[in-house]
Every structure is written in C-alpha cells, then in structure tokens.
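Enquirer: This is the structure I have questions about; it appears just below.
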Amino acid sequence: MSIAETSARSPAVLEAHAIRKSFGALEVLKGVDLALGRGEVVGLIGPSGSGKSTLIRCLNMLEMPTGGEVVFRGKRIGRKFRDADGATGIGTLRRHVGMVFQHFNLFPHKTVIQNVIEGPVIVCGTPKGEAEAHAMELLSQVGLAEKRDAFPSHLSGGQKQRVAIARALAMKPEVLLLDEVTSALDPELVGEVLSVIRRLADEGMTMAIVTHEMAFAADVADRILFLDGGRIVVEGTPDQTIRNPANERLAAFVSRFNH
Amino acid sequence: MYRWDFNVLWQYWDLFMYGLWLTVVYTFGSILFGVLIGAVTCAARLSGWKVLSLLARAYQEIFRCSPLLVQLLWFYYAFPLLVGVTIDNRVAAMLTLSLYVGAFYAEIFRGGILSIDKGQREAAAAIGMNPWQSMRRIVMPQAFKRMLPAFINQSVIQFKNTSLVSVISVADLAYMAAVVNGQTYRPLESYTVMAALYIAVLFPLTQVADWIERRMRASD
Ligand SMILES: Nc1ncnc2c1ncn2[C@@H]1O[C@H](COP(=O)(O)OP(=O)(O)O)[C@@H](O)[C@H]1O
Ligand SMILES: [Mg+2]
C-alpha cells in the first residue's frame, strides 16, 4: 500500500505542517510535514541529534514550534492554553494526545494508582472512584495491578515505564507519543515494555514512536520516517525503509543496528 | 574569686519572661510575614516577567547584602525622615525583621522549586495540567520537602537575629537583660541568664530541625 493510500483511507488525527523549530541560532527542525492517520503507527528513526525528540515534543506543544502549524482533528492549535480565536488550545490538545518519556517522569510523591488517576481526576474532573476503577483496568493490562500502592522509587525501570504508559492511557488519548521509551532501560526489561506497545498497536491506538529498536519499529509501524538534520529524508513502509533502504544515509544508519 | 549571686535577679524574673515573650513574638511574627514576602518575591522572580523579577531580585540583594543591624537603624532613624512620618520602634522592628528574613526565604523557596526536575513539569503538562495545577499538585509538594531543612535553619537563625531589635529599644530578651544589669550591676548574672534562656529555647528547636532533616533525607 502506498503512502497516499494510507492517508487517504484514514483522515489524519494529528498533523504537522512545515514545522520549524530553532533554539537560538540553531535550527533543529527545518520544515517537517507529518500526518498521523487514525489507528496508524508511525515510527520515527534517525541519528541522535537529528530532531526526533524536538519533533515529537512539538506535536503536543511541549516545544513551541517557531514556524508552521500543528493541527488536531482538522483544527489549528493556537498558542494559548485555552481554546481561543478559532484555534484549539494547548490544554485541549494535551488532554487528547498522551506522551510517554524516555525517563518515565513518574510523580515520585504519588503512588502508582495516584499517578494514574491524577490526570483524569484533576484535569478531566472524573470522580475518583470511577478513575480508580479505570486505572486498575489499565494497571492489569500492563501487568502491574498488584503494585497499585507502591511508590515509583520501589519499581524497576520496566515497571516504571509501564506505569507511565498507564498514566497516559488513563486520559483515554486519541494519539500516543512515545519518545525512546526503552532507551533508559536495562536490556532485559525492554521486552516487557515493547510488548505493551505492541498490544496497543494491535488494538488500533494511533501512535508516533521514536525508537532505536529497528526490528521493533519495522514490526509495529505502518510507516517509517527517517529524520536527518532536521528534515524527513525518507518516508515509507518498513519494507521500503528499514528492511530495504535505498537511500544511502538511511542504509548506513540502519546497518549500524544490524549486528 | 567572683561570687555568683543569682538571688538578686529573682525580683526581675518577670522582666526576663516578658523579654523572652517579645523575642518569641517578633521571631514568629517576622517568620509569618517573611513567608508571605518570600512567597511573593519567589513568585515574582519566577514569573518570567523581566521588570518584576528584577525588582524582586534588587530587594533580595539589598536585604541579603547588608547587616540586619544596619537595616534596623536605617528603618528606625532614616526611613521616617525620608517619608516624613515617625514610625513606632516596634513597627520598624517587625518590618525590618520580616523584610530581612523574607529575602532569604525567597531564595530558599526558589531553590526548592528550581531543584525539581523539569521532566516533572513536562509530565504534568503532558496530561493536560495547566501551569497552576502542575505547580500546586506536582512541583510544590516535592519542592516543599526539599526546602524544609533550609527553611527551619533560617528560622532558627531568625530567633537569634531578633536580639538585635534591642538597639532600637524594643524590650526583647536582650534588651531586658541590659535593663536588669543596669539595675543590679550584675552583668555576669544578667547576661548569663539571658544566654541560658536563648539556649533553653533554641536547643530543643535545633534538635527538632536535625530530626526533620534526617527524616527528609531518609525518605528521599
Ligand atoms: N531545549 C533545547 N535548547 C537548545 N538546544 C536543544 C534543546 N533541545 C534540543 N536541542 C538541540 O536540538 C538538536 C536536536 O535534539 P533532539 O530533538 O533531542 O534530537 P534527537 O531526539 O533526534 O536525538 C540537538 O542538537 C540538541 O542539542
Ligand atoms: Mg531524543
């Protein structure tokens, strides 16, 4: 299936149009276009420093793009937290677009279940009992129901990351952004997190995944974007990219992960 | 050999107690106002508003870089001339003590908040919290724990600093000891009683401070 067919079949939930981002004089993103179709999984790969994190952080406005636009459900995202001037607010965007970080960023002063219900209760005003019931469902799905009252400092890296995923899912997001979520994990803990993501993909969750796990990306993603020097250099299916790279730079990049 | 005689001081016991009472009042009063001033100053410095933050910074530097004794003298003798109204020495004392400790508290609060990893704020933002929710629910509870030892330490120092208000004739413990000495010509006894009273109050306080600090470190 071609890229055109993919995006024609499913209208985009989250789009980036000509996104630029500079930090002072350093231009990190030089005009990036990206569209996430509903239920689509996009893998973002590229060398370190190529702007993958910056791009994915622009998608939920953790970084303010210095140029271009982010569009959610067909509506432009404004600069304000609240919806205003015909634009969707950043707060609204973030309520529907979840993010999982490389270093988990769990709230250390809250227990596992408190971490998970924090968003629904405080941001969405969900009654606590209801939020807890949903949280327990999610914790069971990631295999951590028995850790509900543990503090994050008592969890392994893999467990922390699964809680972080549950915390993001508790908001019932339409899109999930994952930034190198296994990079800080001991090798033996990577699998447990990847299998959770694999299952989310199977259930039809829309995701943008930054990863250095090439085999996983090829397996889980519908589409791969190769980012280099702040631009999308190659875009295509896993077969066209990771498995049979035609582009020289991509080939060199991918070959470093095939040992 | 000097013959100690504490008996002559007995009749002045109520003066000592009144002085100690005022010391406690000025200490806790200035801590209370200082916390308010410190919180506002800290907010101003972190507001991201250049002018506001610069003003807050200027206030802090002025009060942190001049001796409290100098500030007391200035507020009692110079400030009234500047604004053209006399101010009561007790008001000047409370005002100066509060502004002084507030400058230090602001720095303690700011340090505590800045010490929280920015990933915490990002995680809060990513689940849709607004900056206020993120500050109140995520950053503050963690920062509070971290700043508590420094806060208690500064407050203990404040208790000692309060003795300086005696130079503008506020009848605190140090002032009363001088009064008793003037009446009895017994400096050794008068000032020893004063010192003992300070230690009697501060020793338990520092023990509590150490205990809290140990607990904070253990639970990190
Ligand atoms: N907050 C920031 N301030 C300044 N430079 C930054 C900031 N964030 C990222 N950069 C720079 O932007 C470039 C791309 O970073 P990043 O998006 O993290 O790359 P990647 O995730 O692909 O490794 C790097 O050169 C990095 O140093
Ligand atoms: Mg990165």
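Residues in the structure tokens are named by chain (A, B, ... in the order shown) and by number from 1 within that chain; ligands are numbered from 1 in the order shown.
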Could the residues that lie within 9 Å of ligand 1, counting only C-alpha atoms and all ligand atoms, be listed as number ranges by chain?

Expert: A: 21-24, 26-29, 45-57, 63, 179-180, 210, 227-230

Enquirer: Using only C-alpha atoms, determine which residues of chain A fall within 6 Å of chain B; present them as a PyMOL selection string.

Expert: chain A and resi 91+94-95+105+119+123

Enquirer: To one decimal place in Å, what is the distance between CA of Ala145 in chain A and CA of Phe104 in chain A?

Expert: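 Answer for the CA of Ala145 in chain A to CA of Phe104 in chain A separation: 18.2 Å.
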
Enquirer: Choose the residue, out of A:Gly236, A:Pro11, A:Pro108, A:Gly31, that has the smallest atom-to-atom separation from Arg73 in chain A; count only C-alpha atoms.

Expert: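 Looking only at the distances to Arg73 in chain A, the closest residue turns out to be A:Pro11.
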
Enquirer: Using only C-alpha atoms, determine which residues lie at most 7 Å from Leu34 in chain A, disregarding the query and same-chain residues fewer than 5 positions distant; provide the list as a list of chain:residue names.

Expert: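 Neighbouring residues, sequence-local ones excluded: A:Glu15, A:Ala16, A:His17.
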
Enquirer: Any chance you can output those residues with C-alpha atoms as a PDB file, in the first residue's frame?

Expert:
ATOM      1  CA  GLU A  15      -0.825  16.772  11.604  1.00  0.00           C
ATOM      2  CA  ALA A  16       2.279  18.875  11.455  1.00  0.00           C
ATOM      3  CA  HIS A  17       2.577  21.381   8.638  1.00  0.00           C
TER       4      HIS A  17
END

Enquirer: List the neighbours of Gly34 in chain B out to 10 Å using only C-alpha atoms; skip same-chain residues closer than 5 positions along the sequence, and give me the result as a ChimeraX atom specification.

Expert: /B:28-29,39-40,94-106,155

Enquirer: How many Å separate CA of Asn89 in chain B from CA of Ser169 in chain B?

Expert: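 According to the coordinates, CA of Asn89 in chain B and CA of Ser169 in chain B are separated by 7.1 Å.
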
Enquirer: Run DSSP on the backbone and tell me which residues of range 66-202 of chain A come out as helix (DSSP H, G or I); list them as a ChimeraX atom specification.

Expert: /A:90-96,112-123,128-141,145-147,152-154,157-169,187-202

Enquirer: Go ahead and write the selection's residues with C-alpha atoms as a PDB file, in the first residue's frame.

Expert:
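What ended up in out.pdb:
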ATOM      1  CA  ILE A  90      -2.825  23.588  24.016  1.00  0.00           C
ATOM      2  CA  GLY A  91      -4.642  22.236  27.061  1.00  0.00           C
ATOM      3  CA  THR A  92      -7.287  20.601  24.892  1.00  0.00           C
ATOM      4  CA  LEU A  93      -4.631  19.137  22.609  1.00  0.00           C
ATOM      5  CA  ARG A  94      -2.763  17.597  25.531  1.00  0.00           C
ATOM      6  CA  ARG A  95      -5.909  16.103  27.015  1.00  0.00           C
ATOM      7  CA  HIS A  96      -6.297  14.054  23.842  1.00  0.00           C
ATOM      8  CA  VAL A 112       1.266   4.076  41.278  1.00  0.00           C
ATOM      9  CA  ILE A 113      -2.506   4.455  41.273  1.00  0.00           C
ATOM     10  CA  GLN A 114      -2.303   8.116  42.288  1.00  0.00           C
ATOM     11  CA  ASN A 115      -0.007   8.698  39.321  1.00  0.00           C
ATOM     12  CA  VAL A 116      -2.514   7.078  37.011  1.00  0.00           C
ATOM     13  CA  ILE A 117      -5.648   8.870  38.277  1.00  0.00           C
ATOM     14  CA  GLU A 118      -4.010  12.300  38.574  1.00  0.00           C
ATOM     15  CA  GLY A 119      -4.878  13.344  35.017  1.00  0.00           C
ATOM     16  CA  PRO A 120      -8.480  12.126  34.890  1.00  0.00           C
ATOM     17  CA  VAL A 121      -9.345  13.471  38.354  1.00  0.00           C
ATOM     18  CA  ILE A 122      -7.558  16.828  38.247  1.00  0.00           C
ATOM     19  CA  VAL A 123      -7.742  17.670  34.552  1.00  0.00           C
ATOM     20  CA  LYS A 128     -12.214   9.462  41.968  1.00  0.00           C
ATOM     21  CA  GLY A 129     -13.915   6.053  42.229  1.00  0.00           C
ATOM     22  CA  GLU A 130     -14.511   5.899  38.515  1.00  0.00           C
ATOM     23  CA  ALA A 131     -10.943   6.994  37.759  1.00  0.00           C
ATOM     24  CA  GLU A 132      -9.604   4.349  40.124  1.00  0.00           C
ATOM     25  CA  ALA A 133     -11.638   1.595  38.519  1.00  0.00           C
ATOM     26  CA  HIS A 134     -10.337   2.589  35.099  1.00  0.00           C
ATOM     27  CA  ALA A 135      -6.800   2.882  36.478  1.00  0.00           C
ATOM     28  CA  MET A 136      -6.980  -0.665  37.868  1.00  0.00           C
ATOM     29  CA  GLU A 137      -8.076  -1.942  34.476  1.00  0.00           C
ATOM     30  CA  LEU A 138      -5.109  -0.240  32.844  1.00  0.00           C
ATOM     31  CA  LEU A 139      -2.707  -1.434  35.518  1.00  0.00           C
ATOM     32  CA  SER A 140      -3.890  -5.008  34.964  1.00  0.00           C
ATOM     33  CA  GLN A 141      -3.357  -4.576  31.247  1.00  0.00           C
ATOM     34  CA  ALA A 145      -2.263  -4.355  39.349  1.00  0.00           C
ATOM     35  CA  GLU A 146      -0.550  -5.616  42.499  1.00  0.00           C
ATOM     36  CA  LYS A 147       1.740  -2.554  42.555  1.00  0.00           C
ATOM     37  CA  PRO A 152       7.712   4.741  41.952  1.00  0.00           C
ATOM     38  CA  SER A 153      11.067   4.520  43.741  1.00  0.00           C
ATOM     39  CA  HIS A 154      10.266   0.881  44.551  1.00  0.00           C
ATOM     40  CA  GLY A 157      12.669   0.719  35.156  1.00  0.00           C
ATOM     41  CA  GLY A 158      10.417  -1.522  33.101  1.00  0.00           C
ATOM     42  CA  GLN A 159       7.665  -1.296  35.706  1.00  0.00           C
ATOM     43  CA  LYS A 160       8.003   2.489  35.895  1.00  0.00           C
ATOM     44  CA  GLN A 161       7.645   2.788  32.154  1.00  0.00           C
ATOM     45  CA  ARG A 162       4.561   0.567  32.132  1.00  0.00           C
ATOM     46  CA  VAL A 163       3.011   2.771  34.835  1.00  0.00           C
ATOM     47  CA  ALA A 164       3.873   5.814  32.724  1.00  0.00           C
ATOM     48  CA  ILE A 165       2.060   4.230  29.797  1.00  0.00           C
ATOM     49  CA  ALA A 166      -0.957   3.505  32.019  1.00  0.00           C
ATOM     50  CA  ARG A 167      -0.872   7.129  33.214  1.00  0.00           C
ATOM     51  CA  ALA A 168      -1.001   8.354  29.619  1.00  0.00           C
ATOM     52  CA  LEU A 169      -3.755   5.881  28.706  1.00  0.00           C
ATOM     53  CA  PRO A 187      18.244  -4.709  28.095  1.00  0.00           C
ATOM     54  CA  GLU A 188      16.348  -7.470  29.884  1.00  0.00           C
ATOM     55  CA  LEU A 189      13.493  -5.044  30.703  1.00  0.00           C
ATOM     56  CA  VAL A 190      12.988  -3.733  27.175  1.00  0.00           C
ATOM     57  CA  GLY A 191      10.782  -6.619  26.076  1.00  0.00           C
ATOM     58  CA  GLU A 192       8.066  -6.125  28.699  1.00  0.00           C
ATOM     59  CA  VAL A 193       7.577  -2.502  27.601  1.00  0.00           C
ATOM     60  CA  LEU A 194       7.680  -3.255  23.882  1.00  0.00           C
ATOM     61  CA  SER A 195       5.038  -5.941  24.254  1.00  0.00           C
ATOM     62  CA  VAL A 196       2.694  -3.443  25.909  1.00  0.00           C
ATOM     63  CA  ILE A 197       3.183  -1.067  22.979  1.00  0.00           C
ATOM     64  CA  ARG A 198       2.755  -3.915  20.528  1.00  0.00           C
ATOM     65  CA  ARG A 199      -0.627  -4.702  22.055  1.00  0.00           C
ATOM     66  CA  LEU A 200      -1.694  -1.040  21.906  1.00  0.00           C
ATOM     67  CA  ALA A 201      -0.846  -1.051  18.207  1.00  0.00           C
ATOM     68  CA  ASP A 202      -2.926  -4.176  17.700  1.00  0.00           C
TER      69      ASP A 202
END

Enquirer: Counting only C-alpha atoms, which residue out of B:Arg110, B:Lys160, B:Arg90, B:Arg3 sits closest to Met140 in chain B?

Expert: B:Arg110

Enquirer: Residues at most 12 Å from Leu69 in chain B, counting only C-alpha atoms, excluding those fewer than 3 positions away in the same chain, as a list in words?

Expert: Phe63, Cys65, Ser66, Leu72, Leu73, Trp74, Phe75, Tyr76, Ala93, Thr96, Leu97, Tyr100, Asn161, Thr162, Ser163, Leu164, Val165, Ser166, Val167 and Ile168 of chain B

Enquirer: For Phe257 in chain A, work out the shell of residues within 9 Å, counting only C-alpha atoms and skipping chain neighbours fewer than 6 positions away, then give it as a compact mmCIF listing (two decimals) with C-alpha atoms, in the first residue's frame.

Expert:
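Contents of the output file result_9.txt:
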# COMPACT_ATOMS: atom_id res chain seq x y z
CA HIS A 212 16.27 2.95 18.12
CA GLU A 213 14.78 -0.56 18.21
CA MET A 214 14.87 -1.13 14.44
CA ALA A 215 13.37 -4.61 14.46

Enquirer: Please identify the strand (DSSP E or B) residues within range 64-157 of chain A (assignment by DSSP from backbone atoms) and present them as number ranges by chain.

Expert: A: 67-72, 75-77, 84, 87-88, 97-100

Enquirer: Just the selected residues (N, CA and C atoms), exported as an mmCIF file, in the first residue's frame, please.

Expert:
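Written out: out35.cif:
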data_model
loop_
_atom_site.group_PDB
_atom_site.id
_atom_site.type_symbol
_atom_site.label_atom_id
_atom_site.label_comp_id
_atom_site.auth_asym_id
_atom_site.auth_seq_id
_atom_site.Cartn_x
_atom_site.Cartn_y
_atom_site.Cartn_z
ATOM 1 N N GLY A 67 7.893 27.865 13.685
ATOM 2 C CA GLY A 67 7.244 28.067 12.395
ATOM 3 C C GLY A 67 6.341 26.889 12.086
ATOM 4 N N GLY A 68 5.347 27.107 11.242
ATOM 5 C CA GLY A 68 4.455 26.018 10.869
ATOM 6 C C GLY A 68 3.318 25.844 11.852
ATOM 7 N N GLU A 69 2.523 24.813 11.607
ATOM 8 C CA GLU A 69 1.339 24.618 12.437
ATOM 9 C C GLU A 69 1.133 23.169 12.820
ATOM 10 N N VAL A 70 0.546 22.988 13.999
ATOM 11 C CA VAL A 70 0.096 21.665 14.404
ATOM 12 C C VAL A 70 -1.422 21.684 14.281
ATOM 13 N N VAL A 71 -1.963 20.630 13.718
ATOM 14 C CA VAL A 71 -3.409 20.558 13.501
ATOM 15 C C VAL A 71 -3.947 19.284 14.134
ATOM 16 N N PHE A 72 -4.974 19.451 14.967
ATOM 17 C CA PHE A 72 -5.569 18.294 15.633
ATOM 18 C C PHE A 72 -7.038 18.202 15.249
ATOM 19 N N LYS A 75 -8.318 20.987 13.218
ATOM 20 C CA LYS A 75 -8.285 22.367 13.716
ATOM 21 C C LYS A 75 -6.891 22.758 14.177
ATOM 22 N N ARG A 76 -6.525 23.963 13.811
ATOM 23 C CA ARG A 76 -5.224 24.516 14.166
ATOM 24 C C ARG A 76 -5.073 24.637 15.693
ATOM 25 N N ILE A 77 -3.878 24.373 16.174
ATOM 26 C CA ILE A 77 -3.593 24.571 17.598
ATOM 27 C C ILE A 77 -3.035 25.974 17.794
ATOM 28 N N ALA A 84 -9.174 29.369 21.910
ATOM 29 C CA ALA A 84 -9.429 30.796 21.692
ATOM 30 C C ALA A 84 -9.202 31.166 20.246
ATOM 31 N N ALA A 87 -8.995 28.717 17.399
ATOM 32 C CA ALA A 87 -7.951 27.692 17.443
ATOM 33 C C ALA A 87 -8.155 26.804 18.673
ATOM 34 N N THR A 88 -7.751 25.552 18.539
ATOM 35 C CA THR A 88 -7.809 24.649 19.679
ATOM 36 C C THR A 88 -6.692 25.012 20.649
ATOM 37 N N VAL A 97 -3.901 13.971 23.505
ATOM 38 C CA VAL A 97 -2.666 13.424 22.953
ATOM 39 C C VAL A 97 -1.730 13.112 24.118
ATOM 40 N N GLY A 98 -1.520 11.839 24.400
ATOM 41 C CA GLY A 98 -0.691 11.444 25.534
ATOM 42 C C GLY A 98 0.767 11.336 25.150
ATOM 43 N N MET A 99 1.620 11.386 26.172
ATOM 44 C CA MET A 99 3.049 11.249 25.878
ATOM 45 C C MET A 99 3.729 10.379 26.917
ATOM 46 N N VAL A 100 4.678 9.577 26.443
ATOM 47 C CA VAL A 100 5.494 8.765 27.342
ATOM 48 C C VAL A 100 6.948 9.141 27.091
#

Enquirer: Using only C-alpha atoms, determine which residues lie at most 9 Å from Leu22 in chain B, disregarding the query and same-chain residues fewer than 5 positions distant; provide the list as a list in words.

Expert: Met17, Thr27, Val170, Ala171, Asp172 and Leu173 of chain B

Enquirer: Let me see the file: selected residues, N, CA and C atoms, as a PDB file, in the first residue's frame.

Expert:
ATOM      1  N   MET B  17      11.019  37.230  81.535  1.00  0.00           N
ATOM      2  CA  MET B  17       9.951  36.474  80.873  1.00  0.00           C
ATOM      3  C   MET B  17       9.243  37.338  79.823  1.00  0.00           C
ATOM      4  N   THR B  27       9.991  36.874  66.636  1.00  0.00           N
ATOM      5  CA  THR B  27      10.508  35.799  65.792  1.00  0.00           C
ATOM      6  C   THR B  27       9.375  35.205  64.948  1.00  0.00           C
ATOM      7  N   VAL B 170      13.455  48.031  71.502  1.00  0.00           N
ATOM      8  CA  VAL B 170      12.339  47.105  71.646  1.00  0.00           C
ATOM      9  C   VAL B 170      12.702  46.179  72.808  1.00  0.00           C
ATOM     10  N   ALA B 171      11.763  46.021  73.726  1.00  0.00           N
ATOM     11  CA  ALA B 171      12.088  45.380  75.003  1.00  0.00           C
ATOM     12  C   ALA B 171      12.129  43.860  74.916  1.00  0.00           C
ATOM     13  N   ASP B 172      12.973  43.340  74.053  1.00  0.00           N
ATOM     14  CA  ASP B 172      13.091  41.881  73.931  1.00  0.00           C
ATOM     15  C   ASP B 172      13.999  41.351  75.025  1.00  0.00           C
ATOM     16  N   LEU B 173      14.321  40.096  74.940  1.00  0.00           N
ATOM     17  CA  LEU B 173      15.136  39.454  75.970  1.00  0.00           C
ATOM     18  C   LEU B 173      16.491  40.135  76.148  1.00  0.00           C
TER      19      LEU B 173
END

Enquirer: Using only C-alpha atoms and all ligand atoms, which of the listed residues (A:Ile209, A:Leu14, A:Leu155, A:Val32) sits closest to ligand 2?

Expert: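 For ligand 2, the nearest of the given residues is A:Ile209.
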
Enquirer: For ligand 2, which residue among A:Ala252, A:Leu62, A:Ile232, A:Val181 is the nearest when counting only C-alpha atoms and all ligand atoms?

Expert: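 Ranked by minimum distance to ligand 2, first place goes to A:Val181.
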